[in-house]
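These notes are about the structure you will find just below.
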Amino acid sequence: MKWYEDLSVGNAAVDAQHKKLFEIVDELTDACNQKKGKEEVGKTLTFLLDYTKTHFKDEEKLMMQNTYPNFTAHKKLHDDFTNEVSNIVTDYQKNGASVPVVLKILNQTNNWLLNHILKMDKEMGKYIKSK
């Protein structure tokens, strides 16, 4: 998956963080295609743990500053994704960089990119731009 400008929510910091997520998922996908996915798992999980803390905090602050009406539902999705990442980290710590762990990362992040950023974040961005 590649970043394109139509994905922009109109906030430079949020967009930069989204771009980085696309880049990290792309790097893991490329590594998997080269049969080197296991080598990228630790790096990807470290990024995702940081991302869920920093990015979600920044995005939630932006929503609160703009009295975004769908804040509660949006935050719940952030919390759910954070829990999913934590579960994958636990699996990784127990089983190492197994194929199922790599697949979980790719499935969860691709699902996040498709369903959250393309829908929920775009909706948020549109609301904030309208204010």
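Just so we're on the same page: first chain in the structure tokens is A, next is B, and so on; residues restart at 1 for each chain, and ligands are numbered from 1 in the order they show up.
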Which residues are close to His18 (chain A), i.e. within 9 Å by only C-alpha atoms, leaving aside same-chain residues fewer than 3 positions away? Reply as a PyMOL selection string. chain A and resi 3+7-8+13-15+21-23+55+113+117
Distance table requested - region 54-120 of chain A against region 41-45 of chain A, cut-off 12 Å, only C-alpha atoms: one row per qualifying residue with the closest atom pair and its distance in Å to one decimal, ordered by chain and rising residue number, as JSON lines.
```
{"residue": "A:Thr82", "atom": "CA", "partner": "A:Leu45", "partner_atom": "CA", "distance": 11.4}
{"residue": "A:Glu84", "atom": "CA", "partner": "A:Leu45", "partner_atom": "CA", "distance": 11.3}
{"residue": "A:Val85", "atom": "CA", "partner": "A:Leu45", "partner_atom": "CA", "distance": 7.7}
{"residue": "A:Ser86", "atom": "CA", "partner": "A:Leu45", "partner_atom": "CA", "distance": 9.1}
{"residue": "A:Asn87", "atom": "CA", "partner": "A:Leu45", "partner_atom": "CA", "distance": 10.9}
{"residue": "A:Ile88", "atom": "CA", "partner": "A:Leu45", "partner_atom": "CA", "distance": 8.2}
{"residue": "A:Val89", "atom": "CA", "partner": "A:Leu45", "partner_atom": "CA", "distance": 6.7}
{"residue": "A:Thr90", "atom": "CA", "partner": "A:Leu45", "partner_atom": "CA", "distance": 10.5}
{"residue": "A:Asp91", "atom": "CA", "partner": "A:Leu45", "partner_atom": "CA", "distance": 11.2}
{"residue": "A:Tyr92", "atom": "CA", "partner": "A:Gly42", "partner_atom": "CA", "distance": 8.4}
{"residue": "A:Gln93", "atom": "CA", "partner": "A:Gly42", "partner_atom": "CA", "distance": 9.8}
{"residue": "A:Gly96", "atom": "CA", "partner": "A:Val41", "partner_atom": "CA", "distance": 9.0}
{"residue": "A:Ala97", "atom": "CA", "partner": "A:Val41", "partner_atom": "CA", "distance": 6.2}
{"residue": "A:Ser98", "atom": "CA", "partner": "A:Val41", "partner_atom": "CA", "distance": 9.1}
{"residue": "A:Val99", "atom": "CA", "partner": "A:Val41", "partner_atom": "CA", "distance": 10.1}
{"residue": "A:Pro100", "atom": "CA", "partner": "A:Val41", "partner_atom": "CA", "distance": 11.3}
{"residue": "A:Val101", "atom": "CA", "partner": "A:Val41", "partner_atom": "CA", "distance": 8.2}
{"residue": "A:Val102", "atom": "CA", "partner": "A:Val41", "partner_atom": "CA", "distance": 6.6}
{"residue": "A:Leu103", "atom": "CA", "partner": "A:Val41", "partner_atom": "CA", "distance": 10.3}
{"residue": "A:Lys104", "atom": "CA", "partner": "A:Val41", "partner_atom": "CA", "distance": 10.7}
{"residue": "A:Ile105", "atom": "CA", "partner": "A:Leu45", "partner_atom": "CA", "distance": 8.1}
{"residue": "A:Leu106", "atom": "CA", "partner": "A:Thr44", "partner_atom": "CA", "distance": 10.0}
{"residue": "A:Gln108", "atom": "CA", "partner": "A:Leu45", "partner_atom": "CA", "distance": 11.8}
{"residue": "A:Thr109", "atom": "CA", "partner": "A:Thr44", "partner_atom": "CA", "distance": 10.4}
```
Helix (DSSP H, G or I) call set, DSSP backbone run, chain A, as a ChimeraX atom specification: /A:5-7,12-33,37-65,71-95,99-130
Between CA of Met63 (chain A) and CA of Lys126 (chain A), what is the distance, to one decimal in Å?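 Straight-line distance from CA of Met63 (chain A) to CA of Lys126 (chain A) works out to 11.6 Å.
Among the candidate residues A:Glu123, A:Phe47, A:Met1, A:Tyr68, the one lying nearest to Asp30 (chain A) is A:Met1, with distances computed using only C-alpha atoms.
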Using only C-alpha atoms, which of the listed residues (A:Gln17, A:Ser130, A:Asn110, A:Asn66) sits closest to Phe81 (chain A)? A:Asn110
I'd like the contact shell of Thr67 (chain A) - 10 Å cut-off, only C-alpha atoms, skipping same-chain residues fewer than 5 positions apart - returned as a short mmCIF file (atom, residue, chain, number, x, y, z; two decimals) with all heavy atoms, in the first residue's frame.
```cif
data_model
loop_
_atom_site.label_atom_id
_atom_site.label_comp_id
_atom_site.auth_asym_id
_atom_site.auth_seq_id
_atom_site.Cartn_x
_atom_site.Cartn_y
_atom_site.Cartn_z
N LYS A 61 -6.02 14.54 20.54
CA LYS A 61 -5.91 15.95 20.95
C LYS A 61 -6.52 16.85 19.88
O LYS A 61 -7.27 17.78 20.18
CB LYS A 61 -4.44 16.31 21.18
CG LYS A 61 -4.22 17.73 21.64
CD LYS A 61 -2.75 17.99 21.87
CE LYS A 61 -2.51 19.44 22.22
NZ LYS A 61 -1.07 19.73 22.37
N LEU A 62 -6.22 16.57 18.63
CA LEU A 62 -6.77 17.33 17.51
C LEU A 62 -8.29 17.24 17.49
O LEU A 62 -8.99 18.25 17.30
CB LEU A 62 -6.18 16.82 16.20
CG LEU A 62 -6.59 17.52 14.92
CD1 LEU A 62 -6.09 18.96 14.91
CD2 LEU A 62 -6.02 16.76 13.71
N TYR A 127 -14.31 16.94 8.69
CA TYR A 127 -15.01 17.72 9.72
C TYR A 127 -14.13 18.89 10.17
O TYR A 127 -14.60 20.03 10.25
CB TYR A 127 -15.38 16.84 10.91
CG TYR A 127 -15.96 17.63 12.05
CD1 TYR A 127 -17.29 18.01 12.05
CD2 TYR A 127 -15.16 18.03 13.12
CE1 TYR A 127 -17.83 18.78 13.07
CE2 TYR A 127 -15.68 18.80 14.16
CZ TYR A 127 -17.00 19.16 14.13
OH TYR A 127 -17.53 19.91 15.17
N ILE A 128 -12.87 18.62 10.45
CA ILE A 128 -11.98 19.66 10.96
C ILE A 128 -11.76 20.75 9.90
O ILE A 128 -11.74 21.93 10.23
CB ILE A 128 -10.65 19.03 11.44
CG1 ILE A 128 -10.94 18.21 12.72
CG2 ILE A 128 -9.59 20.09 11.69
CD1 ILE A 128 -9.79 17.35 13.19
N LYS A 131 -14.49 23.40 9.77
CA LYS A 131 -14.63 24.36 10.90
C LYS A 131 -13.91 25.64 10.63
O LYS A 131 -12.93 25.77 10.05
CB LYS A 131 -14.11 23.71 12.18
CG LYS A 131 -15.07 22.63 12.66
CD LYS A 131 -14.71 22.20 14.02
CE LYS A 131 -15.39 23.21 14.95
NZ LYS A 131 -15.27 23.07 16.30
#
```
